[in-house]
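> You'll find data07.pdb just under this line, and it carries PDB, C-alpha atoms.
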```pdb
ATOM      1  CA  MET J  20     -74.809 -35.700  47.761
ATOM      2  CA  ILE J  21     -74.225 -39.067  49.399
ATOM      3  CA  LYS J  22     -76.996 -41.502  50.323
ATOM      4  CA  LEU J  23     -76.024 -43.979  53.004
ATOM      5  CA  SER J  24     -77.730 -47.106  54.255
ATOM      6  CA  ILE J  25     -77.138 -47.358  58.012
ATOM      7  CA  PRO J  26     -78.828 -50.582  59.234
ATOM      8  CA  ASP J  27     -77.984 -50.043  62.924
ATOM      9  CA  MET J  28     -79.638 -46.591  63.022
ATOM     10  CA  SER J  29     -82.995 -46.779  64.783
ATOM     11  CA  CYS J  30     -83.595 -43.714  66.942
ATOM     12  CA  GLY J  31     -82.870 -40.075  67.633
ATOM     13  CA  HIS J  32     -79.809 -40.952  69.700
ATOM     14  CA  CYS J  33     -78.366 -42.815  66.724
ATOM     15  CA  ALA J  34     -79.037 -39.811  64.495
ATOM     16  CA  GLY J  35     -77.306 -37.572  67.028
ATOM     17  CA  VAL J  36     -74.149 -39.682  67.085
ATOM     18  CA  ILE J  37     -74.135 -39.896  63.293
ATOM     19  CA  THR J  38     -74.632 -36.133  62.968
ATOM     20  CA  LYS J  39     -71.822 -35.421  65.428
ATOM     21  CA  THR J  40     -69.495 -37.813  63.612
ATOM     22  CA  ILE J  41     -70.165 -36.242  60.215
ATOM     23  CA  LYS J  42     -69.977 -32.671  61.543
ATOM     24  CA  GLU J  43     -66.493 -33.451  62.908
ATOM     25  CA  LEU J  44     -65.442 -34.063  59.292
ATOM     26  CA  ASP J  45     -67.409 -31.173  57.770
ATOM     27  CA  HIS J  46     -68.890 -28.556  60.085
ATOM     28  CA  ASP J  47     -71.205 -27.321  57.300
ATOM     29  CA  ALA J  48     -72.589 -30.733  56.335
ATOM     30  CA  VAL J  49     -76.360 -31.008  55.924
ATOM     31  CA  ILE J  50     -77.882 -34.347  56.903
ATOM     32  CA  ALA J  51     -81.421 -35.624  56.335
ATOM     33  CA  PHE J  52     -82.522 -38.885  57.960
ATOM     34  CA  ASP J  53     -85.148 -41.389  56.858
ATOM     35  CA  MET J  54     -85.421 -43.471  60.014
ATOM     36  CA  PRO J  55     -87.937 -46.056  58.731
ATOM     37  CA  ALA J  56     -85.697 -46.740  55.714
ATOM     38  CA  ARG J  57     -82.549 -46.447  57.877
ATOM     39  CA  THR J  58     -80.890 -44.121  55.399
ATOM     40  CA  ALA J  59     -79.233 -40.733  55.549
ATOM     41  CA  LEU J  60     -78.775 -38.212  52.776
ATOM     42  CA  LEU J  61     -75.651 -36.086  53.177
ATOM     43  CA  ASN J  62     -74.593 -32.878  51.519
ATOM     44  CA  THR J  63     -70.945 -32.695  52.529
ATOM     45  CA  THR J  64     -67.507 -31.830  51.233
ATOM     46  CA  ALA J  65     -65.979 -34.726  53.188
ATOM     47  CA  ALA J  66     -64.795 -37.685  51.133
ATOM     48  CA  GLN J  67     -67.292 -40.518  50.971
ATOM     49  CA  GLU J  68     -64.699 -43.072  52.119
ATOM     50  CA  ARG J  69     -63.811 -40.924  55.116
ATOM     51  CA  VAL J  70     -67.463 -40.560  56.120
ATOM     52  CA  VAL J  71     -68.056 -44.324  55.893
ATOM     53  CA  ALA J  72     -64.871 -45.098  57.879
ATOM     54  CA  SER J  73     -65.721 -42.542  60.588
ATOM     55  CA  LEU J  74     -69.249 -43.893  60.965
ATOM     56  CA  ALA J  75     -67.903 -47.446  61.288
ATOM     57  CA  ASP J  76     -65.506 -46.238  64.002
ATOM     58  CA  ALA J  77     -68.475 -44.629  65.787
ATOM     59  CA  GLY J  78     -70.380 -47.947  65.738
ATOM     60  CA  TYR J  79     -72.634 -47.256  62.764
ATOM     61  CA  PRO J  80     -71.344 -49.195  59.763
ATOM     62  CA  ALA J  81     -72.760 -47.699  56.577
ATOM     63  CA  THR J  82     -72.796 -48.503  52.901
ATOM     64  CA  VAL J  83     -73.439 -46.211  49.997
ATOM     65  CA  ALA J  84     -77.017 -46.603  48.778
ATOM     66  CA  ARG J  85     -77.900 -46.047  45.158
TER
END
```
Could you express the structure from this file as structure tokens?


Amino acid sequence: MIKLSIPDMSCGHCAGVITKTIKELDHDAVIAFDMPARTALLNTTAAQERVVASLADAGYPATVAR
């Protein structure tokens, strides 16, 4: 499980782009969004570093939240 802080995420469109980006890395990934907190909880087999790099490339820089 990876919890990400994604400050630039603010709407359903953002969530859609983020979902698409993560699903390209892991088709079976499960993603839960907390829009008010601007966080996403991921259950994925993709490497954390790869997820963060891919999201940055897609325009949604993210950091791992604890």

> Which residues match the PyMOL selection byres ((chain J and resi 73) around 12) in the file above, as JSON, numbers by chain?

{"J": [36, 37, 38, 39, 40, 41, 42, 43, 44, 45, 65, 66, 67, 68, 69, 70, 71, 72, 74, 75, 76, 77, 78, 79, 80, 81]}

> Please provide the set of residues having any atom within 9 Å of J:Arg57, restricted to only C-alpha atoms, with same-chain residues fewer than 3 positions apart removed, written as an MDAnalysis selection string.

chainID J and resid 23:29 52:54

> In the coordinates of the file, take the point (-78.7, -34.7, 52.5) and a cut-off of 6 Å; then, counting only C-alpha atoms, name each qualifying protein, DNA or RNA residue as a ChimeraX atom specification.

/J:49-51,60-62

> Box in all listed atoms of stretch 48-63 of chain J, axis-aligned, with 5 Å more on each side; write out centre and edge lengths in Å to one decimal as JSON.


```
{"center_x": -79.4, "center_y": -38.7, "center_z": 55.8, "size_x": 27.0, "size_y": 26.0, "size_z": 18.5}
```

> State, in Å with one decimal place, the distance from atom CA of J:Arg85 to atom CA of J:Asp47.

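Interatomic distance here is 23.3 Å.
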
> Tell me, in Å to one decimal, how far atom CA of J:Ala34 is from atom CA of J:Ala59.

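For atom CA of J:Ala34 relative to atom CA of J:Ala59, the distance reads 9.0 Å.
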
> Working from the structure I just supplied, which lacks atoms in stretch 49-78 of chain J, can you model N, CA and C atoms there and output them as a compact mmCIF listing (two decimals), in the coordinates of the input?


```txt
# COMPACT_ATOMS: atom_id res chain seq x y z
N VAL J 49 -74.91 -30.98 55.72
CA VAL J 49 -76.36 -31.01 55.92
C VAL J 49 -76.78 -32.47 55.81
N ILE J 50 -77.53 -32.94 56.82
CA ILE J 50 -77.88 -34.35 56.90
C ILE J 50 -79.40 -34.47 57.05
N ALA J 51 -79.99 -35.33 56.24
CA ALA J 51 -81.42 -35.62 56.34
C ALA J 51 -81.56 -37.12 56.58
N PHE J 52 -82.34 -37.48 57.59
CA PHE J 52 -82.52 -38.88 57.96
C PHE J 52 -83.89 -39.40 57.53
N ASP J 53 -83.91 -40.65 57.09
CA ASP J 53 -85.15 -41.39 56.86
C ASP J 53 -85.06 -42.60 57.79
N MET J 54 -85.57 -42.43 59.00
CA MET J 54 -85.42 -43.47 60.01
C MET J 54 -86.10 -44.79 59.62
N PRO J 55 -87.33 -44.77 59.10
CA PRO J 55 -87.94 -46.06 58.73
C PRO J 55 -87.12 -46.82 57.68
N ALA J 56 -86.52 -46.10 56.75
CA ALA J 56 -85.70 -46.74 55.71
C ALA J 56 -84.27 -46.97 56.18
N ARG J 57 -83.92 -46.37 57.32
CA ARG J 57 -82.55 -46.45 57.88
C ARG J 57 -81.51 -45.94 56.88
N THR J 58 -81.81 -44.76 56.33
CA THR J 58 -80.89 -44.12 55.40
C THR J 58 -80.66 -42.68 55.83
N ALA J 59 -79.56 -42.14 55.32
CA ALA J 59 -79.23 -40.73 55.55
C ALA J 59 -78.76 -40.15 54.23
N LEU J 60 -79.19 -38.93 53.96
CA LEU J 60 -78.78 -38.21 52.78
C LEU J 60 -77.88 -37.08 53.23
N LEU J 61 -76.64 -37.05 52.73
CA LEU J 61 -75.65 -36.09 53.18
C LEU J 61 -75.27 -35.14 52.06
N ASN J 62 -75.18 -33.87 52.40
CA ASN J 62 -74.59 -32.88 51.52
C ASN J 62 -73.34 -32.42 52.25
N THR J 63 -72.19 -32.93 51.82
CA THR J 63 -70.94 -32.70 52.53
C THR J 63 -69.77 -32.59 51.56
N THR J 64 -68.74 -31.90 52.01
CA THR J 64 -67.51 -31.83 51.23
C THR J 64 -66.52 -32.92 51.66
N ALA J 65 -66.85 -33.65 52.72
CA ALA J 65 -65.98 -34.73 53.19
C ALA J 65 -66.01 -35.88 52.19
N ALA J 66 -64.90 -36.55 52.05
CA ALA J 66 -64.80 -37.68 51.13
C ALA J 66 -65.69 -38.82 51.61
N GLN J 67 -66.37 -39.43 50.67
CA GLN J 67 -67.29 -40.52 50.97
C GLN J 67 -66.62 -41.62 51.79
N GLU J 68 -65.41 -42.00 51.41
CA GLU J 68 -64.70 -43.07 52.12
C GLU J 68 -64.42 -42.68 53.57
N ARG J 69 -64.10 -41.41 53.77
CA ARG J 69 -63.81 -40.92 55.12
C ARG J 69 -65.07 -40.93 55.98
N VAL J 70 -66.19 -40.55 55.39
CA VAL J 70 -67.46 -40.56 56.12
C VAL J 70 -67.81 -41.99 56.54
N VAL J 71 -67.72 -42.93 55.60
CA VAL J 71 -68.06 -44.32 55.89
C VAL J 71 -67.13 -44.88 56.98
N ALA J 72 -65.83 -44.61 56.88
CA ALA J 72 -64.87 -45.10 57.88
C ALA J 72 -65.15 -44.49 59.25
N SER J 73 -65.45 -43.21 59.31
CA SER J 73 -65.72 -42.54 60.59
C SER J 73 -66.99 -43.08 61.23
N LEU J 74 -68.01 -43.33 60.42
CA LEU J 74 -69.25 -43.89 60.96
C LEU J 74 -69.02 -45.30 61.50
N ALA J 75 -68.22 -46.10 60.80
CA ALA J 75 -67.90 -47.45 61.29
C ALA J 75 -67.17 -47.36 62.62
N ASP J 76 -66.23 -46.43 62.74
CA ASP J 76 -65.51 -46.24 64.00
C ASP J 76 -66.44 -45.82 65.13
N ALA J 77 -67.52 -45.10 64.79
CA ALA J 77 -68.47 -44.63 65.79
C ALA J 77 -69.52 -45.70 66.11
N GLY J 78 -69.44 -46.86 65.45
CA GLY J 78 -70.38 -47.95 65.74
C GLY J 78 -71.58 -48.02 64.82
```
